[in-house]
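A.B. asks: Input structure: work34.cif, which contains mmCIF, C-alpha atoms.
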```cif
data_data
loop_
_atom_site.label_atom_id
_atom_site.label_comp_id
_atom_site.auth_asym_id
_atom_site.auth_seq_id
_atom_site.Cartn_x
_atom_site.Cartn_y
_atom_site.Cartn_z
CA MET A 5 -8.32 41.86 5.83
CA ASN A 6 -6.37 40.67 8.82
CA ILE A 7 -4.71 37.32 8.18
CA PHE A 8 -5.86 35.89 11.53
CA LEU A 9 -9.43 36.80 10.77
CA LEU A 10 -9.10 34.97 7.48
CA LEU A 11 -7.62 31.95 9.23
CA ARG A 12 -10.43 31.91 11.79
CA LEU A 13 -12.98 32.16 9.04
CA PHE A 14 -11.29 29.22 7.32
CA VAL A 15 -11.36 27.14 10.52
CA TYR A 16 -15.07 27.91 11.06
CA ILE A 17 -15.97 26.95 7.51
CA THR A 18 -13.96 23.72 7.77
CA LEU A 19 -15.59 22.85 11.09
CA MET A 20 -19.03 23.53 9.68
CA ALA A 21 -18.25 21.38 6.64
CA CYS A 22 -16.99 18.59 8.92
CA THR A 23 -20.07 18.62 11.17
CA PHE A 24 -22.24 18.56 8.10
CA THR A 25 -20.51 15.53 6.57
CA VAL A 26 -20.33 13.65 9.88
CA SER A 27 -24.03 14.10 10.61
CA ALA A 28 -24.99 13.18 7.05
CA THR A 29 -23.03 9.93 6.79
CA PRO A 30 -25.07 6.76 7.51
CA ILE A 31 -23.31 4.12 9.57
CA ILE A 32 -23.59 0.38 8.93
CA GLU A 33 -22.08 -2.25 11.21
CA ILE A 34 -20.81 -5.61 9.95
CA GLU A 35 -19.66 -8.33 12.32
CA ILE A 36 -17.12 -11.03 11.59
CA ARG A 37 -17.82 -14.28 13.47
CA ASP A 38 -16.27 -17.69 12.67
CA HIS A 39 -14.83 -16.11 9.51
CA LEU A 40 -18.27 -15.11 8.21
CA PHE A 41 -19.73 -11.66 7.68
CA PHE A 42 -22.98 -10.75 9.50
CA PRO A 43 -24.87 -9.47 7.63
CA ALA A 44 -23.28 -10.84 4.48
CA GLU A 45 -25.37 -8.52 2.34
CA ILE A 46 -25.86 -4.83 3.02
CA HIS A 47 -28.06 -2.38 1.16
CA ILE A 48 -27.09 1.24 0.71
CA PRO A 49 -28.57 4.07 -1.34
CA ALA A 50 -26.83 5.16 -4.56
CA ASP A 51 -24.67 8.30 -4.59
CA THR A 52 -24.27 8.27 -0.82
CA LYS A 53 -21.18 8.03 1.33
CA VAL A 54 -21.50 5.33 4.02
CA LYS A 55 -19.34 4.61 7.05
CA LEU A 56 -18.83 0.88 7.59
CA ILE A 57 -17.80 -0.31 11.03
CA ILE A 58 -16.36 -3.81 10.80
CA ILE A 59 -16.33 -5.58 14.16
CA ASN A 60 -14.09 -8.64 14.25
CA LYS A 61 -15.26 -11.00 17.00
CA ASP A 62 -12.80 -13.73 15.95
CA PRO A 63 -9.42 -14.03 17.65
CA ALA A 64 -7.69 -14.04 14.24
CA ALA A 65 -7.16 -10.93 12.15
CA GLU A 66 -9.12 -10.56 8.93
CA GLU A 67 -8.55 -8.34 5.93
CA PHE A 68 -11.65 -6.71 4.54
CA GLU A 69 -11.06 -6.51 0.82
CA SER A 70 -13.05 -5.50 -2.24
CA TYR A 71 -11.63 -4.92 -5.70
CA GLU A 72 -14.92 -3.40 -6.83
CA LEU A 73 -15.06 -0.96 -3.91
CA ASN A 74 -11.29 -0.33 -3.97
CA ARG A 75 -11.09 -1.05 -0.29
CA GLU A 76 -8.59 -3.05 1.76
CA LYS A 77 -8.10 -3.01 5.50
CA VAL A 78 -6.75 -5.35 8.17
CA ILE A 79 -9.18 -5.72 11.09
CA PRO A 80 -7.22 -7.16 14.04
CA GLY A 81 -8.80 -10.02 16.02
CA GLY A 82 -11.21 -8.81 18.72
CA SER A 83 -11.13 -5.30 17.32
CA LYS A 84 -13.01 -3.05 14.93
CA GLY A 85 -12.19 -0.87 11.97
CA VAL A 86 -13.80 1.98 10.09
CA ILE A 87 -14.05 2.00 6.29
CA PHE A 88 -15.74 4.71 4.25
CA ILE A 89 -17.36 3.62 0.99
CA GLY A 90 -19.29 5.50 -1.68
CA PRO A 91 -20.71 7.51 -3.25
CA LEU A 92 -21.42 4.59 -5.58
CA ARG A 93 -23.54 3.99 -8.66
CA SER A 94 -26.27 1.31 -8.43
CA GLY A 95 -25.03 -2.23 -8.68
CA GLU A 96 -23.47 -5.09 -6.77
CA TYR A 97 -20.09 -4.76 -5.12
CA PRO A 98 -18.71 -8.01 -3.67
CA PHE A 99 -16.31 -7.96 -0.72
CA PHE A 100 -14.43 -10.74 1.05
CA GLY A 101 -12.09 -11.50 3.90
CA GLU A 102 -8.74 -12.01 2.31
CA PHE A 103 -7.32 -14.11 5.14
CA PHE A 104 -10.28 -16.55 5.07
CA PRO A 105 -11.69 -16.08 1.56
CA LYS A 106 -13.50 -19.44 1.42
CA THR A 107 -16.04 -18.45 4.04
CA ALA A 108 -15.79 -14.69 4.50
CA GLN A 109 -17.83 -13.44 1.54
CA GLY A 110 -20.33 -10.64 1.27
CA ARG A 111 -21.68 -7.93 -0.98
CA VAL A 112 -22.88 -4.38 -0.96
CA ILE A 113 -26.07 -3.77 -2.94
CA VAL A 114 -26.39 -0.19 -4.08
CA LYS A 115 -29.85 0.99 -5.21
CA MET B 11 -5.76 -22.20 2.43
CA LEU B 12 -2.35 -23.15 1.10
CA LEU B 13 -2.72 -21.36 -2.23
CA ASN B 14 -4.17 -18.33 -0.48
CA ALA B 15 -1.11 -18.17 1.79
CA VAL B 16 1.20 -18.43 -1.23
CA ILE B 17 -0.53 -15.50 -2.95
CA ILE B 18 -0.75 -13.27 0.15
CA ILE B 19 2.92 -13.68 1.08
CA LEU B 20 4.09 -13.40 -2.54
CA ARG B 21 2.07 -10.23 -3.02
CA GLU B 22 3.53 -8.67 0.11
CA LEU B 23 7.11 -9.66 -0.68
CA VAL B 24 7.34 -8.99 -4.39
CA GLU B 25 7.43 -5.23 -4.16
CA ALA B 26 10.06 -5.09 -1.41
CA SER B 27 11.97 -7.70 -3.39
CA LEU B 28 11.95 -5.50 -6.51
CA VAL B 29 13.06 -2.37 -4.66
CA ILE B 30 15.84 -4.24 -2.85
CA SER B 31 17.09 -5.79 -6.10
CA ILE B 32 17.26 -2.34 -7.75
CA PHE B 33 19.23 -0.97 -4.77
CA LEU B 34 21.51 -4.04 -4.72
CA ALA B 35 22.21 -3.81 -8.46
CA PHE B 36 23.00 -0.13 -7.99
CA SER B 37 25.36 -0.88 -5.09
CA GLN B 38 27.06 -3.57 -7.13
CA ARG B 39 27.61 -1.22 -10.07
CA PHE B 40 29.07 1.59 -7.96
CA ASN B 41 30.91 -0.68 -5.59
CA ILE B 42 29.02 0.49 -2.52
CA SER B 43 29.04 -1.56 0.69
CA ARG B 44 25.75 -3.41 1.30
CA HIS B 45 25.43 -2.81 5.03
CA TRP B 46 22.33 -0.69 4.37
CA LEU B 47 20.40 -3.84 3.44
CA PHE B 48 20.99 -5.70 6.71
CA ILE B 49 20.51 -2.67 8.96
CA GLY B 50 17.42 -1.67 6.98
CA LEU B 51 15.95 -5.17 7.23
CA ILE B 52 16.66 -5.48 10.97
CA ILE B 53 15.14 -2.09 11.80
CA GLY B 54 12.27 -2.64 9.35
CA VAL B 55 11.33 -6.09 10.66
CA THR B 56 11.60 -4.93 14.31
CA SER B 57 9.32 -1.98 13.53
CA ALA B 58 6.94 -4.31 11.67
CA ILE B 59 6.64 -6.51 14.79
CA LEU B 60 6.00 -3.42 16.95
CA TYR B 61 3.46 -2.16 14.41
CA ALA B 62 1.64 -5.50 14.30
CA MET B 63 1.63 -5.75 18.12
CA ASN B 64 0.11 -2.29 18.43
CA ILE B 65 -2.24 -2.54 15.46
CA ASN B 66 -5.31 -2.27 17.73
CA THR B 67 -4.21 1.06 19.15
CA ILE B 68 -3.05 2.41 15.80
CA SER B 69 -6.35 1.40 14.15
CA GLN B 70 -8.31 3.42 16.69
CA TRP B 71 -6.31 6.61 16.14
CA LEU B 72 -7.98 9.51 14.30
CA ASP B 73 -11.53 8.18 14.76
CA GLY B 74 -10.73 4.69 13.52
CA VAL B 75 -8.71 5.51 10.42
CA GLY B 76 -5.24 5.55 12.02
CA GLN B 77 -4.17 2.47 10.08
CA GLU B 78 -4.99 4.09 6.71
CA VAL B 79 -3.26 7.34 7.58
CA VAL B 80 -0.09 5.65 8.91
CA ASN B 81 0.05 3.34 5.86
CA ALA B 82 -0.56 6.22 3.46
CA GLY B 83 2.26 8.09 5.24
CA ILE B 84 4.62 5.12 4.76
CA HIS B 85 3.65 4.91 1.06
CA LEU B 86 4.29 8.60 0.53
CA LEU B 87 7.64 8.38 2.35
CA ILE B 88 8.69 5.50 0.09
CA TYR B 89 7.78 7.72 -2.87
CA VAL B 90 9.99 10.52 -1.49
CA VAL B 91 12.85 8.06 -0.88
CA LEU B 92 12.63 6.73 -4.46
CA LEU B 93 12.39 10.27 -5.84
CA LEU B 94 15.51 11.40 -3.96
CA PHE B 95 17.24 8.15 -4.87
CA VAL B 96 16.82 8.60 -8.64
CA ILE B 97 17.85 12.27 -8.40
CA PHE B 98 20.94 11.78 -6.23
CA SER B 99 22.10 8.46 -7.67
CA LEU B 100 23.27 10.47 -10.70
CA HIS B 101 25.85 12.22 -8.50
CA VAL B 102 26.89 9.20 -6.47
CA LYS B 103 30.58 9.51 -7.35
CA LYS B 104 30.83 12.41 -4.87
CA ALA B 105 31.61 10.97 -1.43
CA ARG B 106 28.99 13.05 0.42
CA VAL B 107 26.25 12.12 -2.04
CA GLU B 108 27.21 8.46 -1.76
CA LYS B 109 26.58 8.59 2.01
CA PHE B 110 23.19 10.19 1.44
CA VAL B 111 22.22 7.59 -1.18
CA ILE B 112 23.21 4.79 1.23
CA PHE B 113 21.02 6.45 3.86
CA LEU B 114 18.12 6.58 1.36
CA MET B 115 18.48 2.88 0.50
CA PHE B 116 18.52 2.02 4.21
CA ILE B 117 15.34 4.07 4.86
CA GLY B 118 13.67 2.61 1.75
CA VAL B 119 14.31 -0.99 2.83
CA ALA B 120 13.18 -0.26 6.41
CA LEU B 121 9.93 1.39 5.26
CA ALA B 122 9.10 -1.36 2.76
CA SER B 123 9.70 -4.03 5.43
CA ILE B 124 7.47 -2.30 7.99
CA ARG B 125 4.56 -2.16 5.59
CA GLU B 126 4.86 -5.64 4.11
CA GLY B 127 6.16 -7.29 7.28
CA SER B 128 3.37 -6.14 9.59
CA GLU B 129 0.71 -7.55 7.28
CA ILE B 130 2.50 -10.91 7.03
CA ILE B 131 2.85 -11.07 10.82
CA LEU B 132 -0.85 -10.29 11.35
CA TYR B 133 -1.83 -12.89 8.78
CA ILE B 134 0.27 -15.72 10.23
CA ASP B 135 -0.50 -14.72 13.83
CA GLY B 136 -4.18 -15.45 13.19
CA PHE B 137 -3.37 -19.13 12.62
CA LEU B 138 -1.09 -19.68 15.60
CA LYS B 139 -4.02 -20.81 17.73
CA ASN B 140 -5.36 -22.99 14.94
CA PRO B 141 -3.01 -25.99 14.60
CA ASP B 142 -5.08 -27.61 11.80
CA LEU B 143 -4.60 -24.69 9.49
CA LEU B 144 -1.20 -23.54 10.74
CA LYS B 145 0.74 -26.17 8.82
CA PRO B 146 -0.68 -25.46 5.34
CA VAL B 147 -0.47 -21.72 6.01
CA LEU B 148 3.19 -21.90 7.02
CA PHE B 149 3.96 -24.19 4.09
CA GLY B 150 2.15 -21.87 1.68
CA SER B 151 3.88 -18.84 3.19
CA ALA B 152 7.27 -20.50 2.72
CA ILE B 153 6.47 -21.19 -0.96
CA GLY B 154 5.23 -17.60 -1.42
CA ALA B 155 8.38 -16.25 0.23
CA GLY B 156 10.51 -18.52 -1.95
CA ILE B 157 8.88 -17.28 -5.16
CA GLY B 158 9.05 -13.63 -3.98
CA ILE B 159 12.76 -13.85 -3.17
CA SER B 160 13.49 -15.75 -6.40
CA LEU B 161 11.80 -13.00 -8.39
CA GLY B 162 14.05 -10.51 -6.59
CA VAL B 163 17.11 -12.56 -7.56
CA ILE B 164 15.92 -12.65 -11.19
CA PHE B 165 15.37 -8.87 -11.16
CA TYR B 166 18.85 -8.39 -9.69
CA TYR B 167 20.69 -10.54 -12.23
CA SER B 168 18.68 -9.07 -15.11
CA LEU B 169 19.67 -5.59 -13.97
CA ILE B 170 23.38 -6.27 -13.52
CA GLY B 171 23.42 -8.22 -16.78
CA LEU B 172 22.54 -5.07 -18.68
CA SER B 173 25.06 -2.48 -19.89
CA ASN B 174 25.62 0.51 -17.58
CA LYS B 175 23.39 2.76 -19.64
CA ALA B 176 20.56 0.26 -20.11
CA GLY B 177 20.76 -0.81 -16.44
CA ALA B 178 20.40 2.80 -15.32
CA GLY B 179 17.47 3.30 -17.71
CA VAL B 180 15.60 0.16 -16.66
CA GLY B 181 16.35 0.84 -12.98
CA PHE B 182 14.95 4.36 -13.35
CA LEU B 183 11.82 3.08 -15.12
CA LEU B 184 11.19 0.50 -12.38
CA CYS B 185 11.67 3.12 -9.65
CA LEU B 186 9.26 5.38 -11.52
CA LEU B 187 6.58 2.66 -11.73
CA VAL B 188 6.94 1.60 -8.09
CA ALA B 189 6.96 5.24 -6.92
CA GLY B 190 3.83 6.03 -8.94
CA GLY B 191 2.15 2.95 -7.46
CA MET B 192 3.00 4.17 -3.95
CA VAL B 193 1.25 7.49 -4.54
CA LEU B 194 -1.75 5.73 -6.10
CA GLN B 195 -2.12 3.42 -3.09
CA ALA B 196 -1.71 6.34 -0.68
CA THR B 197 -4.56 8.27 -2.33
CA GLN B 198 -6.72 5.14 -2.19
CA LEU B 199 -6.02 4.72 1.54
CA LEU B 200 -6.78 8.37 2.21
CA SER B 201 -10.09 8.15 0.37
CA GLN B 202 -10.91 4.99 2.37
CA ALA B 203 -10.26 7.09 5.49
CA ASP B 204 -12.42 9.88 4.03
CA TRP B 205 -9.49 12.30 4.15
CA ILE B 206 -9.82 12.65 0.36
CA ALA B 207 -13.33 12.78 -1.08
CA SER B 208 -14.30 9.54 -2.79
CA GLN B 209 -15.29 9.78 -6.45
CA TYR B 210 -16.74 7.71 -9.25
CA PRO B 211 -14.11 5.82 -11.22
CA LEU B 212 -12.91 7.33 -14.50
CA TRP B 213 -12.67 4.00 -16.32
CA ASN B 214 -12.86 0.27 -15.70
CA THR B 215 -10.20 -2.05 -17.08
CA SER B 216 -11.23 -5.04 -14.94
CA ILE B 217 -12.58 -6.78 -18.08
CA TRP B 218 -8.99 -7.00 -19.38
CA ILE B 219 -7.06 -7.46 -16.15
CA SER B 220 -9.08 -8.18 -13.02
CA GLU B 221 -7.49 -7.04 -9.78
CA GLY B 222 -8.45 -10.41 -8.35
CA SER B 223 -6.40 -12.39 -10.89
CA LEU B 224 -2.83 -13.39 -10.10
CA ILE B 225 -1.47 -11.00 -12.73
CA GLY B 226 -3.72 -8.24 -11.42
CA GLN B 227 -2.50 -8.82 -7.85
CA LEU B 228 1.16 -8.85 -8.91
CA LEU B 229 0.67 -5.70 -10.98
CA TYR B 230 -1.07 -4.11 -7.99
CA ALA B 231 1.84 -5.01 -5.71
CA LEU B 232 4.50 -3.90 -8.20
CA VAL B 233 3.08 -0.80 -9.86
CA GLY B 234 -0.14 -0.12 -7.94
CA TYR B 235 -2.42 -1.37 -10.73
CA GLU B 236 -5.93 -0.08 -10.24
CA SER B 237 -8.73 -1.17 -12.59
CA THR B 238 -11.13 1.57 -11.52
CA PRO B 239 -9.13 4.69 -10.67
CA THR B 240 -10.72 8.01 -9.74
CA LEU B 241 -9.83 11.44 -11.14
CA THR B 242 -7.94 12.34 -7.94
CA GLN B 243 -5.88 9.15 -8.17
CA VAL B 244 -5.04 9.74 -11.83
CA LEU B 245 -4.05 13.36 -11.16
CA PHE B 246 -1.88 12.41 -8.17
CA TYR B 247 -0.28 9.62 -10.23
CA ILE B 248 0.51 11.91 -13.17
CA SER B 249 1.99 14.62 -10.93
CA ALA B 250 4.03 12.09 -8.92
CA VAL B 251 5.46 10.40 -12.00
CA GLY B 252 5.78 13.69 -13.91
CA SER B 253 7.73 15.47 -11.18
CA MET B 254 10.04 12.44 -10.88
CA VAL B 255 10.80 12.55 -14.63
CA VAL B 256 11.36 16.33 -14.69
CA LEU B 257 13.53 16.44 -11.54
CA THR B 258 15.67 13.51 -12.71
CA TYR B 259 16.14 15.22 -16.07
CA LEU B 260 17.24 18.44 -14.35
CA SER B 261 19.59 16.45 -12.13
CA LYS B 262 21.06 14.77 -15.21
CA ILE B 263 21.70 18.14 -16.89
CA TYR B 264 23.36 19.37 -13.70
CA ALA B 265 25.51 16.21 -13.52
CA SER B 266 26.70 16.57 -17.13
CA ARG B 267 27.56 20.25 -16.55
CA THR B 268 29.58 19.71 -13.40
CA SER B 269 31.46 16.64 -14.57
#
```
Turn this file's structure into C-alpha cells for me.
C.D. replies:
Amino acid sequence: MNIFLLLRLFVYITLMACTFTVSATPIIEIEIRDHLFFPAEIHIPADTKVKLIIINKDPAAEEFESYELNREKVIPGGSKGVIFIGPLRSGEYPFFGEFFPKTAQGRVIVK
Amino acid sequence: MLLNAVIIILRELVEASLVISIFLAFSQRFNISRHWLFIGLIIGVTSAILYAMNINTISQWLDGVGQEVVNAGIHLLIYVVLLLFVIFSLHVKKARVEKFVIFLMFIGVALASIREGSEIILYIDGFLKNPDLLKPVLFGSAIGAGIGISLGVIFYYSLIGLSNKAGAGVGFLLCLLVAGGMVLQATQLLSQADWIASQYPLWNTSIWISEGSLIGQLLYALVGYESTPTLTQVLFYISAVGSMVVLTYLSKIYASRTS
C-alpha cells in the first residue's frame, strides 16, 4: 500500500475519532465571583468525561485545585480556563481555589 | 491567608531550590564557575514575568489548554536536562563536556524559574489591588521564600559534606526522583488537557499521605508525589526513571573505559 494513502487513512481515522469525542463530551460551566464558585456543587454521570469551563469574573487569579480529581490550573483574573475531568467512579470529589481556599470551595458529585 | 501564602511560595520554591543546590554542589566539587546560576535566574525570572503577563493568551491556545501543554513541555524539558546532566556529568573533566554541562545547568535553572516564578507572580499579583490582604500575603510569601531557600542551603551543605562517591550517589538519586516527578506531572497536565486519555487510578495512598497535607505537598513539589496515579502515569514514570538509570550506567561504563 502506498505510504501516503496510509497516512491519509490515519488522518481520517484520527479526525473521526476527534469529532466523536468532542461531540460526546458534556460541558459544564463554573463561575468564580468574589472568590466563590457558582455553582459550588456540580453533578456529573459516572464513567463520563466532562469538560469544565471555569470563568473567573474576579480581577485576581485563582488556582482551581483538586487532589481527588488530580487537577490543578491557574485561571487568570477576568479570564477562563478549560479542564477535562473524568471518567470517574461514583463518589464525591472536592475542589477548591488554592489562592483563596477559605471561601473558594466546591465539589463534584459523580453518580 | 498568611499560612496559605507560606505554603504556596514554599511549595513553588522548594523544587527549584533542590535542583539549584545539586548543581551548586556539583560546581563546587569540580571547581566550575557559577555564572550559570545568575544568568539562568535572570533569564528565567524575566521569562516568568513575560509568561505571567501573557497568561491569558497562552491559556486560550489550543482550545483552552495552552497552559497545560506549555507547562507539560517545560516539565519534560527539565526531565531531558536532568537526564543529560547525570549522563554527561560523569565526563565533566573533558573541557568540551564541561561547557555542555554548564549550559545544561543554566537551562535547568532558567526552566525551573519560569515555571515556579510565573505562578508566584500570578498569585501575588492578585493581591496588589487588595491592600488589606496584601500585607499578610507578602509577609507569608517572605517566610515561605525564607524556608524554601534555607532548605536549599541545607541540601547544598549536606551534599558537599559527603564524600565524593556518596555525594555523587545522593546527587544522582535526587536528580532521578525530581526527573521522575517532572514526567509524572507532565502526564497529569496532558490528561487534564485531554491530550492523554484519563483513566481510573491504580491505587490510592491518600489514607497514608494526603496530597493536601504539608508533607504531601512537599513530596509533590520535590518528587511529584501522587496518591492516585493512573496506569499511564505509572508507565511513564517507570520508563523515565528506568531509562535514566540505564543510560547513566552505560555512561559510567564508557567513562571507566576511556579514563
A.B. asks: Rounded to one decimal, what separation in Å do you get between CA of Gly158 in chain B and CA of Tyr235 in chain B?
C.D. replies: 18.1 Å
A.B. asks: Applied to this file, what does the PyMOL selection byres ((chain B and resi 58) around 10) return in terms of residues, put as a compact mmCIF listing (two decimals) with C-alpha atoms, keeping the file's coordinate frame?
C.D. replies:
```txt
# COMPACT_ATOMS: atom_id res chain seq x y z
CA ILE B 52 16.66 -5.48 10.97
CA ILE B 53 15.14 -2.09 11.80
CA GLY B 54 12.27 -2.64 9.35
CA VAL B 55 11.33 -6.09 10.66
CA THR B 56 11.60 -4.93 14.31
CA SER B 57 9.32 -1.98 13.53
CA ILE B 59 6.64 -6.51 14.79
CA LEU B 60 6.00 -3.42 16.95
CA TYR B 61 3.46 -2.16 14.41
CA ALA B 62 1.64 -5.50 14.30
CA MET B 63 1.63 -5.75 18.12
CA ASN B 64 0.11 -2.29 18.43
CA ALA B 120 13.18 -0.26 6.41
CA LEU B 121 9.93 1.39 5.26
CA ALA B 122 9.10 -1.36 2.76
CA SER B 123 9.70 -4.03 5.43
CA ILE B 124 7.47 -2.30 7.99
CA ARG B 125 4.56 -2.16 5.59
CA GLU B 126 4.86 -5.64 4.11
CA GLY B 127 6.16 -7.29 7.28
CA SER B 128 3.37 -6.14 9.59
CA GLU B 129 0.71 -7.55 7.28
CA ILE B 130 2.50 -10.91 7.03
CA ILE B 131 2.85 -11.07 10.82
CA LEU B 132 -0.85 -10.29 11.35
```
A.B. asks: Name the residues captured by the PyMOL selection byres ((chain B) within 10 of (chain A)) when it is applied to the shown file; answer as a PyMOL selection string.
C.D. replies: chain B and resi 11+14-15+18+62-67+69-70+73-78+129+132-140+195+198-205+207-211+214+216+220-222+236-239
A.B. asks: Could you list the residues chosen by the PyMOL selection byres ((chain A and resi 33) around 6) in this structure as a VMD selection string?
C.D. replies: chain A and resid 32 34 56 to 58
A.B. asks: Need the neighbours of (-25.0, -8.0, 5.5): which residues are at most 12 Å away, counting all atoms listed in the file, as a PyMOL selection string?
C.D. replies: chain A and resi 32-36+40-48+56-58+98-100+108-113
A.B. asks: Using Å and a single decimal, report how far CA of Val24 in chain B sits from CA of Val256 in chain B.
C.D. replies: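 These atoms are spaced 27.6 Å apart.
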A.B. asks: If I take CA of Phe95 in chain B and CA of Met115 in chain B, how far is one from the other in Å, to one decimal?
C.D. replies: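 Calculated distance between CA of Phe95 in chain B and CA of Met115 in chain B is 7.6 Å.
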A.B. asks: Using the atoms already present, construct N, CA and C atoms for range 65-91 of chain B and hand them back as a PDB file, keeping the file's coordinate frame.
C.D. replies:
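And here's out.pdb as it stands now:
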```pdb
ATOM      1  N   ILE B  65      -1.313  -2.867  16.532  1.00  0.00           N
ATOM      2  CA  ILE B  65      -2.240  -2.540  15.460  1.00  0.00           C
ATOM      3  C   ILE B  65      -3.604  -2.083  15.998  1.00  0.00           C
ATOM      4  N   ASN B  66      -4.022  -2.671  17.151  1.00  0.00           N
ATOM      5  CA  ASN B  66      -5.310  -2.270  17.730  1.00  0.00           C
ATOM      6  C   ASN B  66      -5.333  -0.798  18.061  1.00  0.00           C
ATOM      7  N   THR B  67      -4.285  -0.354  18.756  1.00  0.00           N
ATOM      8  CA  THR B  67      -4.210   1.060  19.150  1.00  0.00           C
ATOM      9  C   THR B  67      -4.131   1.947  17.916  1.00  0.00           C
ATOM     10  N   ILE B  68      -3.243   1.572  16.982  1.00  0.00           N
ATOM     11  CA  ILE B  68      -3.050   2.410  15.800  1.00  0.00           C
ATOM     12  C   ILE B  68      -4.352   2.512  14.995  1.00  0.00           C
ATOM     13  N   SER B  69      -5.087   1.387  14.908  1.00  0.00           N
ATOM     14  CA  SER B  69      -6.350   1.400  14.150  1.00  0.00           C
ATOM     15  C   SER B  69      -7.350   2.386  14.742  1.00  0.00           C
ATOM     16  N   GLN B  70      -7.305   2.552  16.067  1.00  0.00           N
ATOM     17  CA  GLN B  70      -8.310   3.420  16.690  1.00  0.00           C
ATOM     18  C   GLN B  70      -7.937   4.903  16.640  1.00  0.00           C
ATOM     19  N   TRP B  71      -6.703   5.201  16.243  1.00  0.00           N
ATOM     20  CA  TRP B  71      -6.310   6.610  16.140  1.00  0.00           C
ATOM     21  C   TRP B  71      -7.192   7.330  15.123  1.00  0.00           C
ATOM     22  N   LEU B  72      -7.308   8.646  15.284  1.00  0.00           N
ATOM     23  CA  LEU B  72      -7.980   9.510  14.300  1.00  0.00           C
ATOM     24  C   LEU B  72      -9.372   8.978  13.940  1.00  0.00           C
ATOM     25  N   ASP B  73     -10.162   8.658  14.963  1.00  0.00           N
ATOM     26  CA  ASP B  73     -11.530   8.180  14.760  1.00  0.00           C
ATOM     27  C   ASP B  73     -11.607   6.890  13.964  1.00  0.00           C
ATOM     28  N   GLY B  74     -10.640   6.006  14.160  1.00  0.00           N
ATOM     29  CA  GLY B  74     -10.730   4.690  13.520  1.00  0.00           C
ATOM     30  C   GLY B  74     -10.058   4.582  12.172  1.00  0.00           C
ATOM     31  N   VAL B  75      -9.389   5.630  11.720  1.00  0.00           N
ATOM     32  CA  VAL B  75      -8.710   5.510  10.420  1.00  0.00           C
ATOM     33  C   VAL B  75      -7.189   5.670  10.565  1.00  0.00           C
ATOM     34  N   GLY B  76      -6.677   5.423  11.778  1.00  0.00           N
ATOM     35  CA  GLY B  76      -5.240   5.550  12.020  1.00  0.00           C
ATOM     36  C   GLY B  76      -4.403   4.664  11.110  1.00  0.00           C
ATOM     37  N   GLN B  77      -4.896   3.429  10.912  1.00  0.00           N
ATOM     38  CA  GLN B  77      -4.170   2.470  10.080  1.00  0.00           C
ATOM     39  C   GLN B  77      -3.980   3.012   8.651  1.00  0.00           C
ATOM     40  N   GLU B  78      -5.067   3.548   8.073  1.00  0.00           N
ATOM     41  CA  GLU B  78      -4.990   4.090   6.710  1.00  0.00           C
ATOM     42  C   GLU B  78      -4.000   5.240   6.650  1.00  0.00           C
ATOM     43  N   VAL B  79      -4.093   6.145   7.634  1.00  0.00           N
ATOM     44  CA  VAL B  79      -3.260   7.340   7.580  1.00  0.00           C
ATOM     45  C   VAL B  79      -1.777   6.980   7.767  1.00  0.00           C
ATOM     46  N   VAL B  80      -1.488   6.071   8.710  1.00  0.00           N
ATOM     47  CA  VAL B  80      -0.090   5.650   8.910  1.00  0.00           C
ATOM     48  C   VAL B  80       0.427   4.954   7.641  1.00  0.00           C
ATOM     49  N   ASN B  81      -0.386   4.039   7.074  1.00  0.00           N
ATOM     50  CA  ASN B  81       0.050   3.340   5.860  1.00  0.00           C
ATOM     51  C   ASN B  81       0.239   4.292   4.688  1.00  0.00           C
ATOM     52  N   ALA B  82      -0.692   5.237   4.547  1.00  0.00           N
ATOM     53  CA  ALA B  82      -0.560   6.220   3.460  1.00  0.00           C
ATOM     54  C   ALA B  82       0.729   7.014   3.667  1.00  0.00           C
ATOM     55  N   GLY B  83       1.027   7.356   4.928  1.00  0.00           N
ATOM     56  CA  GLY B  83       2.260   8.090   5.240  1.00  0.00           C
ATOM     57  C   GLY B  83       3.491   7.289   4.832  1.00  0.00           C
ATOM     58  N   ILE B  84       3.481   5.974   5.136  1.00  0.00           N
ATOM     59  CA  ILE B  84       4.620   5.120   4.760  1.00  0.00           C
ATOM     60  C   ILE B  84       4.754   5.076   3.239  1.00  0.00           C
ATOM     61  N   HIS B  85       3.612   4.930   2.530  1.00  0.00           N
ATOM     62  CA  HIS B  85       3.650   4.910   1.060  1.00  0.00           C
ATOM     63  C   HIS B  85       4.250   6.192   0.504  1.00  0.00           C
ATOM     64  N   LEU B  86       3.806   7.319   1.048  1.00  0.00           N
ATOM     65  CA  LEU B  86       4.290   8.600   0.530  1.00  0.00           C
ATOM     66  C   LEU B  86       5.782   8.783   0.837  1.00  0.00           C
ATOM     67  N   LEU B  87       6.203   8.298   2.016  1.00  0.00           N
ATOM     68  CA  LEU B  87       7.640   8.380   2.350  1.00  0.00           C
ATOM     69  C   LEU B  87       8.469   7.534   1.394  1.00  0.00           C
ATOM     70  N   ILE B  88       7.958   6.339   1.042  1.00  0.00           N
ATOM     71  CA  ILE B  88       8.690   5.500   0.090  1.00  0.00           C
ATOM     72  C   ILE B  88       8.801   6.235  -1.253  1.00  0.00           C
ATOM     73  N   TYR B  89       7.718   6.920  -1.633  1.00  0.00           N
ATOM     74  CA  TYR B  89       7.780   7.720  -2.870  1.00  0.00           C
ATOM     75  C   TYR B  89       8.905   8.740  -2.783  1.00  0.00           C
ATOM     76  N   VAL B  90       8.960   9.472  -1.663  1.00  0.00           N
ATOM     77  CA  VAL B  90       9.990  10.520  -1.490  1.00  0.00           C
ATOM     78  C   VAL B  90      11.384   9.894  -1.542  1.00  0.00           C
ATOM     79  N   VAL B  91      11.545   8.739  -0.876  1.00  0.00           N
ATOM     80  CA  VAL B  91      12.850   8.060  -0.880  1.00  0.00           C
ATOM     81  C   VAL B  91      13.260   7.699  -2.306  1.00  0.00           C
TER      82      VAL B  91
END
```
